[in-house]
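Trainee: Just passing along the structure, written as structure tokens.
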Amino acid sequence: ALIVIDVQNIYTNPDSELYCADSEQTVGKINGLIKEFEKKKLPIIYVKHIHKVDGSDTGRMFDFAGPAEDFNFKEGSDEVEFDKNLIVSNNATVIFKNRYSSFVGTPLEKILKENKVSTIVICGFMTNFCCESTARDGHDRDYYVDFITDATGAPALTTLDEDKIREVVSELLSGGFAEIFDYKTYISNL
């Protein structure tokens, strides 16, 4: 099953504080994966990160980001909508989360079990938060995990640009959590 994580405006709008400089190319690769999964009639699950406007469901999510009233991903805001360029399949399965892992507090595992899925394929945003957390959590729930590195994106950090974040996360995950692929290699072997 393809898990399309948080392809939302907060990461693709150049005016956003979480803008990912490579987002256009990343969304293009995600769309390529979606098309291939559609052709093969394999499950695709879209994930959206959303919080209640009052912040009552944020828990510890924003401990390191400043005051609780200043959080992102508020329901009803434009930043939580899917990027306009994302291909959203007909009859798409869309789940909503309010934690980094797409498994926590969502029906993801139930959907995977109902579809007899043994391998999850990770793409989306952010490489080093929701994508990495979902990959690790999926592994610990006994799924095989394929992580499509260049079909994930992240805003640059103080000392790491987007490519370096992808490289570091891939190296860490490859040590025992996931098989690491670039888009071109994965598509050619799907």
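So you can find residues: chains in the structure tokens are A, B, ... in the order shown, residues in each start at 1, and ligands are numbered from 1 in order.
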Neighbouring residues of range 88-94 of chain A were defined as those with any atom within 7 Å, considering only C-alpha atoms; residues of the same chain fewer than 2 positions away were excluded. Please report them as a VMD selection string.

Mentor: chain A and resid 44 to 47 86 96

Trainee: For the selection just defined, write its residues with C-alpha atoms to a file, as a PDB file, in the first residue's frame.

Mentor:
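Below you can see result09.pdb, which holds the result:
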```
ATOM      1  CA  ILE A  44      -3.366   4.093  -1.781  1.00  0.00           C
ATOM      2  CA  ILE A  45      -3.987   5.787   1.558  1.00  0.00           C
ATOM      3  CA  TYR A  46      -3.766   9.564   1.862  1.00  0.00           C
ATOM      4  CA  VAL A  47      -2.938  11.060   5.241  1.00  0.00           C
ATOM      5  CA  LEU A  86      -1.462  16.310  -5.837  1.00  0.00           C
ATOM      6  CA  PHE A  96      -6.614  12.236   9.495  1.00  0.00           C
TER       7      PHE A  96
END
```

Trainee: For the contact check between range 108-159 of chain A and range 15-23 of chain A, emit one row per residue of range 108-159 of chain A within 12 Å, containing the shortest atom pair and the distance in Å rounded to one decimal, counting only C-alpha atoms, chain then rising number order, as a Markdown table.

Mentor:
```
| residue | atom | partner | partner_atom | distance |
| --- | --- | --- | --- | --- |
| A:Gly124 | CA | A:Ser23 | CA | 9.5 |
| A:Phe125 | CA | A:Cys20 | CA | 8.8 |
| A:Met126 | CA | A:Cys20 | CA | 8.8 |
| A:Thr127 | CA | A:Cys20 | CA | 10.5 |
| A:Asp150 | CA | A:Asp22 | CA | 9.5 |
| A:Ala151 | CA | A:Ser23 | CA | 9.2 |
| A:Thr152 | CA | A:Ser23 | CA | 8.6 |
| A:Gly153 | CA | A:Cys20 | CA | 6.3 |
| A:Ala154 | CA | A:Cys20 | CA | 5.4 |
| A:Pro155 | CA | A:Cys20 | CA | 4.4 |
| A:Ala156 | CA | A:Cys20 | CA | 7.3 |
| A:Leu157 | CA | A:Leu18 | CA | 10.3 |
```

Trainee: Could you write those residues out with all heavy atoms, as a PDB file, in the first residue's frame?

Mentor:
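As written to disk, out-v6.pdb reads:
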```pdb
ATOM      1  N   GLY A 124       5.921  11.486   0.976  1.00  0.00           N
ATOM      2  CA  GLY A 124       5.211  12.645   1.517  1.00  0.00           C
ATOM      3  C   GLY A 124       6.113  13.584   2.295  1.00  0.00           C
ATOM      4  O   GLY A 124       7.308  13.694   2.048  1.00  0.00           O
ATOM      5  N   PHE A 125       5.521  14.250   3.260  1.00  0.00           N
ATOM      6  CA  PHE A 125       6.207  15.276   4.049  1.00  0.00           C
ATOM      7  C   PHE A 125       6.000  14.987   5.537  1.00  0.00           C
ATOM      8  O   PHE A 125       5.000  14.420   5.907  1.00  0.00           O
ATOM      9  CB  PHE A 125       5.626  16.658   3.717  1.00  0.00           C
ATOM     10  CG  PHE A 125       5.866  17.068   2.292  1.00  0.00           C
ATOM     11  CD1 PHE A 125       4.951  16.756   1.294  1.00  0.00           C
ATOM     12  CD2 PHE A 125       7.017  17.749   1.936  1.00  0.00           C
ATOM     13  CE1 PHE A 125       5.173  17.121  -0.022  1.00  0.00           C
ATOM     14  CE2 PHE A 125       7.244  18.129   0.619  1.00  0.00           C
ATOM     15  CZ  PHE A 125       6.326  17.813  -0.359  1.00  0.00           C
ATOM     16  N   MET A 126       6.829  15.310   6.410  1.00  0.00           N
ATOM     17  CA  MET A 126       8.215  15.667   6.294  1.00  0.00           C
ATOM     18  C   MET A 126       9.062  14.401   6.425  1.00  0.00           C
ATOM     19  O   MET A 126       8.765  13.537   7.239  1.00  0.00           O
ATOM     20  CB  MET A 126       8.617  16.648   7.387  1.00  0.00           C
ATOM     21  CG  MET A 126       8.025  18.029   7.212  1.00  0.00           C
ATOM     22  SD  MET A 126       8.185  19.185   8.615  1.00  0.00           S
ATOM     23  CE  MET A 126       9.833  19.021   9.226  1.00  0.00           C
ATOM     24  N   THR A 127      10.143  14.382   5.690  1.00  0.00           N
ATOM     25  CA  THR A 127      11.059  13.244   5.683  1.00  0.00           C
ATOM     26  C   THR A 127      11.413  12.803   7.092  1.00  0.00           C
ATOM     27  O   THR A 127      11.323  11.620   7.430  1.00  0.00           O
ATOM     28  CB  THR A 127      12.368  13.627   4.936  1.00  0.00           C
ATOM     29  OG1 THR A 127      12.043  14.170   3.665  1.00  0.00           O
ATOM     30  CG2 THR A 127      13.297  12.444   4.808  1.00  0.00           C
ATOM     31  N   ASP A 150      13.502  10.334  -2.240  1.00  0.00           N
ATOM     32  CA  ASP A 150      13.322  11.588  -2.966  1.00  0.00           C
ATOM     33  C   ASP A 150      11.863  11.878  -3.291  1.00  0.00           C
ATOM     34  O   ASP A 150      11.555  12.872  -3.952  1.00  0.00           O
ATOM     35  CB  ASP A 150      14.201  11.654  -4.212  1.00  0.00           C
ATOM     36  CG  ASP A 150      14.008  10.488  -5.170  1.00  0.00           C
ATOM     37  OD1 ASP A 150      13.375   9.484  -4.794  1.00  0.00           O
ATOM     38  OD2 ASP A 150      14.511  10.581  -6.308  1.00  0.00           O
ATOM     39  N   ALA A 151      10.962  11.048  -2.782  1.00  0.00           N
ATOM     40  CA  ALA A 151       9.520  11.335  -2.826  1.00  0.00           C
ATOM     41  C   ALA A 151       9.053  11.749  -1.435  1.00  0.00           C
ATOM     42  O   ALA A 151       7.888  11.640  -1.085  1.00  0.00           O
ATOM     43  CB  ALA A 151       8.735  10.134  -3.343  1.00  0.00           C
ATOM     44  N   THR A 152      10.028  12.198  -0.610  1.00  0.00           N
ATOM     45  CA  THR A 152       9.723  12.815   0.681  1.00  0.00           C
ATOM     46  C   THR A 152      10.379  14.189   0.674  1.00  0.00           C
ATOM     47  O   THR A 152      11.321  14.431  -0.076  1.00  0.00           O
ATOM     48  CB  THR A 152      10.258  12.002   1.885  1.00  0.00           C
ATOM     49  OG1 THR A 152      11.685  12.064   1.925  1.00  0.00           O
ATOM     50  CG2 THR A 152       9.778  10.557   1.839  1.00  0.00           C
ATOM     51  N   GLY A 153       9.882  15.074   1.513  1.00  0.00           N
ATOM     52  CA  GLY A 153      10.444  16.416   1.567  1.00  0.00           C
ATOM     53  C   GLY A 153      10.457  16.971   2.969  1.00  0.00           C
ATOM     54  O   GLY A 153       9.685  16.527   3.827  1.00  0.00           O
ATOM     55  N   ALA A 154      11.347  17.929   3.177  1.00  0.00           N
ATOM     56  CA  ALA A 154      11.468  18.574   4.486  1.00  0.00           C
ATOM     57  C   ALA A 154      12.058  19.964   4.314  1.00  0.00           C
ATOM     58  O   ALA A 154      12.935  20.160   3.469  1.00  0.00           O
ATOM     59  CB  ALA A 154      12.371  17.753   5.402  1.00  0.00           C
ATOM     60  N   PRO A 155      11.602  20.922   5.120  1.00  0.00           N
ATOM     61  CA  PRO A 155      12.258  22.226   5.082  1.00  0.00           C
ATOM     62  C   PRO A 155      13.668  22.097   5.652  1.00  0.00           C
ATOM     63  O   PRO A 155      13.923  21.252   6.514  1.00  0.00           O
ATOM     64  CB  PRO A 155      11.371  23.110   5.958  1.00  0.00           C
ATOM     65  CG  PRO A 155      10.543  22.187   6.775  1.00  0.00           C
ATOM     66  CD  PRO A 155      10.498  20.873   6.068  1.00  0.00           C
ATOM     67  N   ALA A 156      14.568  22.917   5.169  1.00  0.00           N
ATOM     68  CA  ALA A 156      15.945  22.896   5.655  1.00  0.00           C
ATOM     69  C   ALA A 156      15.993  23.222   7.147  1.00  0.00           C
ATOM     70  O   ALA A 156      15.169  23.983   7.662  1.00  0.00           O
ATOM     71  CB  ALA A 156      16.785  23.893   4.867  1.00  0.00           C
ATOM     72  N   LEU A 157      16.952  22.623   7.810  1.00  0.00           N
ATOM     73  CA  LEU A 157      17.233  22.925   9.214  1.00  0.00           C
ATOM     74  C   LEU A 157      18.438  23.865   9.268  1.00  0.00           C
ATOM     75  O   LEU A 157      19.042  24.169   8.236  1.00  0.00           O
ATOM     76  CB  LEU A 157      17.514  21.641   9.982  1.00  0.00           C
ATOM     77  CG  LEU A 157      16.360  20.635  10.033  1.00  0.00           C
ATOM     78  CD1 LEU A 157      16.823  19.305  10.607  1.00  0.00           C
ATOM     79  CD2 LEU A 157      15.219  21.210  10.867  1.00  0.00           C
TER      80      LEU A 157
END
```

Trainee: Could you name the residues that touch Val80 in chain A at 7 Å or less, counting only C-alpha atoms, but leaving out those on the same chain fewer than 4 positions away, as a PyMOL selection string?

Mentor: chain A and resi 8-10+49-50+73+75

Trainee: Closest to Glu38 in chain A among A:Val169, A:Ile95, A:Leu190, A:Ile111, using only C-alpha atoms?

Mentor: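 So, comparing all the options, the nearest one is A:Leu190.
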
Trainee: Determine which residues of range 25-172 of chain A receive a DSSP assignment of strand (DSSP E or B), computed from the backbone, and state them as an NGL selection string.

Mentor: :A and (44-49 or 51 or 74 or 82 or 93-97 or 119-125 or 144-153)

Trainee: Go through A:Asn85, A:Thr185, A:Asn13, A:Thr58 and flag the residue nearest Arg99 in chain A, using only C-alpha atoms for the distances.

Mentor: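 Ranking A:Asn85, A:Thr185, A:Asn13, A:Thr58 by distance to Arg99 in chain A, first place goes to A:Thr58.
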
Trainee: For Leu33 in chain A, list every protein, DNA or RNA residue within 9 Å, evaluated using only C-alpha atoms, and leave out those in the same chain fewer than 5 positions away; present the list as a PyMOL selection string.

Mentor: chain A and resi 2+28+38+123+151+183+186-187

Trainee: Could you write those residues out with N, CA, C and O atoms, as a PDB file, in the first residue's frame?

Mentor:
```
ATOM      1  N   LEU A   2       0.497   2.202  -0.793  1.00  0.00           N
ATOM      2  CA  LEU A   2       1.198   3.487  -0.826  1.00  0.00           C
ATOM      3  C   LEU A   2       0.600   4.388   0.246  1.00  0.00           C
ATOM      4  O   LEU A   2      -0.609   4.608   0.275  1.00  0.00           O
ATOM      5  N   GLY A  28       5.716  15.833  -7.718  1.00  0.00           N
ATOM      6  CA  GLY A  28       5.747  15.153  -9.014  1.00  0.00           C
ATOM      7  C   GLY A  28       6.073  13.677  -8.876  1.00  0.00           C
ATOM      8  O   GLY A  28       5.452  12.815  -9.525  1.00  0.00           O
ATOM      9  N   GLU A  38      -2.161   3.101  -8.937  1.00  0.00           N
ATOM     10  CA  GLU A  38      -3.494   3.039  -9.554  1.00  0.00           C
ATOM     11  C   GLU A  38      -3.517   2.008 -10.679  1.00  0.00           C
ATOM     12  O   GLU A  38      -4.443   1.200 -10.766  1.00  0.00           O
ATOM     13  N   CYS A 123       5.862   7.890   1.280  1.00  0.00           N
ATOM     14  CA  CYS A 123       6.221   9.106   0.554  1.00  0.00           C
ATOM     15  C   CYS A 123       5.472  10.261   1.219  1.00  0.00           C
ATOM     16  O   CYS A 123       4.510  10.041   1.950  1.00  0.00           O
ATOM     17  N   ALA A 151      10.962  11.048  -2.782  1.00  0.00           N
ATOM     18  CA  ALA A 151       9.520  11.335  -2.826  1.00  0.00           C
ATOM     19  C   ALA A 151       9.053  11.749  -1.435  1.00  0.00           C
ATOM     20  O   ALA A 151       7.888  11.640  -1.085  1.00  0.00           O
ATOM     21  N   TYR A 183      13.219   7.311  -6.257  1.00  0.00           N
ATOM     22  CA  TYR A 183      11.997   7.194  -7.043  1.00  0.00           C
ATOM     23  C   TYR A 183      12.208   6.379  -8.323  1.00  0.00           C
ATOM     24  O   TYR A 183      11.468   5.442  -8.609  1.00  0.00           O
ATOM     25  N   TYR A 186      12.735   2.649  -7.722  1.00  0.00           N
ATOM     26  CA  TYR A 186      11.529   1.993  -7.209  1.00  0.00           C
ATOM     27  C   TYR A 186      10.496   1.800  -8.332  1.00  0.00           C
ATOM     28  O   TYR A 186       9.954   0.709  -8.505  1.00  0.00           O
ATOM     29  N   ILE A 187      10.240   2.852  -9.096  1.00  0.00           N
ATOM     30  CA  ILE A 187       9.257   2.792 -10.177  1.00  0.00           C
ATOM     31  C   ILE A 187       9.657   1.731 -11.212  1.00  0.00           C
ATOM     32  O   ILE A 187       8.821   0.979 -11.711  1.00  0.00           O
TER      33      ILE A 187
END
```

Trainee: For CA of Glu167 in chain A and CA of Lys97 in chain A, quote the distance in Å rounded to one decimal.

Mentor: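 If I compute the distance from CA of Glu167 in chain A to CA of Lys97 in chain A, I get 25.9 Å.
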
Trainee: Got a sec to tell me which of range 14-77 of chain A DSSP assigns to helix (DSSP H, G or I), as JSON, numbers by chain?

Mentor: {"A": [23, 24, 25, 26, 27, 28, 29, 30, 31, 32, 33, 34, 35, 36, 37, 38, 39, 68, 69, 70]}

Trainee: Can I get the selection written as a PDB file, in the first residue's frame, with C-alpha atoms?

Mentor:
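Produced file out32.pdb, reproduced below:
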```
ATOM      1  CA  SER A  23       8.285  20.459  -3.018  1.00  0.00           C
ATOM      2  CA  GLU A  24       7.302  20.733  -6.681  1.00  0.00           C
ATOM      3  CA  GLN A  25       9.650  17.897  -7.707  1.00  0.00           C
ATOM      4  CA  THR A  26       8.677  15.892  -4.616  1.00  0.00           C
ATOM      5  CA  VAL A  27       4.955  16.160  -5.423  1.00  0.00           C
ATOM      6  CA  GLY A  28       5.747  15.153  -9.014  1.00  0.00           C
ATOM      7  CA  LYS A  29       7.411  11.950  -7.800  1.00  0.00           C
ATOM      8  CA  ILE A  30       4.546  11.271  -5.384  1.00  0.00           C
ATOM      9  CA  ASN A  31       2.126  11.655  -8.294  1.00  0.00           C
ATOM     10  CA  GLY A  32       4.222   9.184 -10.309  1.00  0.00           C
ATOM     11  CA  LEU A  33       3.918   6.655  -7.476  1.00  0.00           C
ATOM     12  CA  ILE A  34       0.157   7.255  -7.270  1.00  0.00           C
ATOM     13  CA  LYS A  35      -0.236   6.628 -11.019  1.00  0.00           C
ATOM     14  CA  GLU A  36       1.719   3.363 -10.811  1.00  0.00           C
ATOM     15  CA  PHE A  37      -0.228   2.146  -7.792  1.00  0.00           C
ATOM     16  CA  GLU A  38      -3.494   3.039  -9.554  1.00  0.00           C
ATOM     17  CA  LYS A  39      -2.420   1.086 -12.667  1.00  0.00           C
ATOM     18  CA  ALA A  68       0.726  26.262  22.309  1.00  0.00           C
ATOM     19  CA  GLU A  69      -1.561  28.942  20.846  1.00  0.00           C
ATOM     20  CA  ASP A  70       0.917  29.412  18.006  1.00  0.00           C
TER      21      ASP A  70
END
```

Trainee: For a test of reading the model, state the distance in Å between CA of Thr12 in chain A and CA of Glu79 in chain A, rounded to one decimal.

Mentor: 9.0 Å

Trainee: What is the distance between CA of Val145 in chain A and CA of Ile122 in chain A, in Å to one decimal?

Mentor: 7.3 Å

Trainee: Applying 8 Å and only C-alpha atoms, which residues near Ile120 in chain A remain after dropping the ones on its own chain fewer than 4 positions away? List them as an MDAnalysis selection string.

Mentor: chainID A and resid 1:3 138 143:146

Trainee: Next, write the just-selected residues to a file, as an mmCIF file, in the first residue's frame, keeping all heavy atoms as the atom set.

Mentor:
```cif
data_model
loop_
_atom_site.group_PDB
_atom_site.id
_atom_site.type_symbol
_atom_site.label_atom_id
_atom_site.label_comp_id
_atom_site.auth_asym_id
_atom_site.auth_seq_id
_atom_site.Cartn_x
_atom_site.Cartn_y
_atom_site.Cartn_z
ATOM 1 N N ALA A 1 0.849 -1.184 0.000
ATOM 2 C CA ALA A 1 0.000 0.000 0.000
ATOM 3 C C ALA A 1 0.886 1.235 0.000
ATOM 4 O O ALA A 1 1.894 1.284 0.704
ATOM 5 C CB ALA A 1 -0.925 0.011 1.215
ATOM 6 N N LEU A 2 0.497 2.202 -0.793
ATOM 7 C CA LEU A 2 1.198 3.487 -0.826
ATOM 8 C C LEU A 2 0.600 4.388 0.246
ATOM 9 O O LEU A 2 -0.609 4.608 0.275
ATOM 10 C CB LEU A 2 1.041 4.128 -2.205
ATOM 11 C CG LEU A 2 1.746 5.468 -2.417
ATOM 12 C CD1 LEU A 2 3.265 5.309 -2.319
ATOM 13 C CD2 LEU A 2 1.354 6.066 -3.766
ATOM 14 N N ILE A 3 1.446 4.896 1.131
ATOM 15 C CA ILE A 3 1.016 5.812 2.179
ATOM 16 C C ILE A 3 1.508 7.210 1.781
ATOM 17 O O ILE A 3 2.708 7.484 1.798
ATOM 18 C CB ILE A 3 1.578 5.419 3.566
ATOM 19 C CG1 ILE A 3 1.421 3.923 3.847
ATOM 20 C CG2 ILE A 3 0.932 6.274 4.655
ATOM 21 C CD1 ILE A 3 -0.005 3.421 3.892
ATOM 22 N N GLY A 138 5.586 1.509 11.440
ATOM 23 C CA GLY A 138 5.158 0.419 10.566
ATOM 24 C C GLY A 138 6.036 -0.808 10.734
ATOM 25 O O GLY A 138 5.549 -1.936 10.825
ATOM 26 N N TYR A 143 5.239 -4.630 9.487
ATOM 27 C CA TYR A 143 5.100 -4.402 8.050
ATOM 28 C C TYR A 143 6.494 -4.275 7.447
ATOM 29 O O TYR A 143 7.419 -3.786 8.105
ATOM 30 C CB TYR A 143 4.309 -3.110 7.766
ATOM 31 C CG TYR A 143 2.871 -3.221 8.170
ATOM 32 C CD1 TYR A 143 2.451 -2.753 9.418
ATOM 33 C CD2 TYR A 143 1.936 -3.827 7.335
ATOM 34 C CE1 TYR A 143 1.126 -2.884 9.809
ATOM 35 C CE2 TYR A 143 0.610 -3.961 7.726
ATOM 36 C CZ TYR A 143 0.220 -3.490 8.963
ATOM 37 O OH TYR A 143 -1.081 -3.638 9.357
ATOM 38 N N TYR A 144 6.641 -4.715 6.215
ATOM 39 C CA TYR A 144 7.831 -4.379 5.453
ATOM 40 C C TYR A 144 7.658 -2.920 5.042
ATOM 41 O O TYR A 144 6.549 -2.503 4.698
ATOM 42 C CB TYR A 144 7.970 -5.265 4.213
ATOM 43 C CG TYR A 144 8.201 -6.714 4.546
ATOM 44 C CD1 TYR A 144 7.155 -7.630 4.475
ATOM 45 C CD2 TYR A 144 9.466 -7.168 4.929
ATOM 46 C CE1 TYR A 144 7.355 -8.962 4.781
ATOM 47 C CE2 TYR A 144 9.678 -8.509 5.239
ATOM 48 C CZ TYR A 144 8.611 -9.393 5.163
ATOM 49 O OH TYR A 144 8.815 -10.712 5.473
ATOM 50 N N VAL A 145 8.743 -2.172 5.061
ATOM 51 C CA VAL A 145 8.665 -0.737 4.768
ATOM 52 C C VAL A 145 9.610 -0.395 3.622
ATOM 53 O O VAL A 145 10.806 -0.677 3.690
ATOM 54 C CB VAL A 145 9.028 0.106 6.013
ATOM 55 C CG1 VAL A 145 8.963 1.597 5.685
ATOM 56 C CG2 VAL A 145 8.124 -0.238 7.189
ATOM 57 N N ASP A 146 9.054 0.204 2.573
ATOM 58 C CA ASP A 146 9.834 0.771 1.481
ATOM 59 C C ASP A 146 9.747 2.285 1.618
ATOM 60 O O ASP A 146 8.648 2.849 1.640
ATOM 61 C CB ASP A 146 9.290 0.332 0.124
ATOM 62 C CG ASP A 146 9.495 -1.153 -0.138
ATOM 63 O OD1 ASP A 146 10.314 -1.794 0.555
ATOM 64 O OD2 ASP A 146 8.829 -1.679 -1.055
#
```

Trainee: Contacts of Phe103 in chain A at 8 Å or less, counting only C-alpha atoms, minus same-chain residues fewer than 6 places along, as a list in words?

Mentor: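 Listing them by chain and then by number gives Glu109, Thr134, Asp137 and Gly138 of chain A.
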
Trainee: Restricting it to N, CA, C and O atoms, dump the selection as an mmCIF file, in the first residue's frame.

Mentor:
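Written output follows (out_14.cif):
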```cif
data_model
loop_
_atom_site.group_PDB
_atom_site.id
_atom_site.type_symbol
_atom_site.label_atom_id
_atom_site.label_comp_id
_atom_site.auth_asym_id
_atom_site.auth_seq_id
_atom_site.Cartn_x
_atom_site.Cartn_y
_atom_site.Cartn_z
ATOM 1 N N GLU A 109 -3.925 0.991 10.473
ATOM 2 C CA GLU A 109 -3.613 -0.438 10.596
ATOM 3 C C GLU A 109 -4.822 -1.307 10.260
ATOM 4 O O GLU A 109 -4.689 -2.334 9.597
ATOM 5 N N THR A 134 6.340 7.213 10.715
ATOM 6 C CA THR A 134 5.447 6.194 10.167
ATOM 7 C C THR A 134 6.242 4.971 9.731
ATOM 8 O O THR A 134 5.803 3.830 9.952
ATOM 9 N N ASP A 137 7.299 3.132 12.955
ATOM 10 C CA ASP A 137 6.111 2.550 13.581
ATOM 11 C C ASP A 137 5.600 1.370 12.751
ATOM 12 O O ASP A 137 5.245 0.326 13.292
ATOM 13 N N GLY A 138 5.586 1.509 11.440
ATOM 14 C CA GLY A 138 5.158 0.419 10.566
ATOM 15 C C GLY A 138 6.036 -0.808 10.734
ATOM 16 O O GLY A 138 5.549 -1.936 10.825
#
```

Trainee: For Gly76 in chain A, list every protein, DNA or RNA residue within 10 Å, evaluated using only C-alpha atoms, and leave out those in the same chain fewer than 6 positions away; present the list as a ChimeraX atom specification.

Mentor: /A:50-53

Trainee: Could you save those same residues with N, CA, C and O atoms as a PDB file, in the first residue's frame?

Mentor:
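Here's the written file part-v3.pdb:
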```pdb
ATOM      1  N   ILE A  50      -4.026  17.260  10.853  1.00  0.00           N
ATOM      2  CA  ILE A  50      -4.955  18.342  11.210  1.00  0.00           C
ATOM      3  C   ILE A  50      -5.142  18.363  12.730  1.00  0.00           C
ATOM      4  O   ILE A  50      -5.245  17.315  13.358  1.00  0.00           O
ATOM      5  N   HIS A  51      -5.206  19.585  13.288  1.00  0.00           N
ATOM      6  CA  HIS A  51      -5.510  19.767  14.709  1.00  0.00           C
ATOM      7  C   HIS A  51      -6.753  20.618  14.884  1.00  0.00           C
ATOM      8  O   HIS A  51      -7.050  21.491  14.058  1.00  0.00           O
ATOM      9  N   LYS A  52      -7.449  20.381  15.982  1.00  0.00           N
ATOM     10  CA  LYS A  52      -8.597  21.216  16.327  1.00  0.00           C
ATOM     11  C   LYS A  52      -8.121  22.651  16.539  1.00  0.00           C
ATOM     12  O   LYS A  52      -7.017  22.882  17.040  1.00  0.00           O
ATOM     13  N   VAL A  53      -8.970  23.606  16.188  1.00  0.00           N
ATOM     14  CA  VAL A  53      -8.620  25.024  16.287  1.00  0.00           C
ATOM     15  C   VAL A  53      -8.239  25.410  17.714  1.00  0.00           C
ATOM     16  O   VAL A  53      -7.346  26.232  17.927  1.00  0.00           O
TER      17      VAL A  53
END
```

Trainee: Could you tell me which of A:Arg141, A:Arg136, A:Lys184, A:Lys40 comes closest to Leu172 in chain A if we count only C-alpha atoms?

Mentor: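 Closest to Leu172 in chain A of all the choices is A:Arg136.
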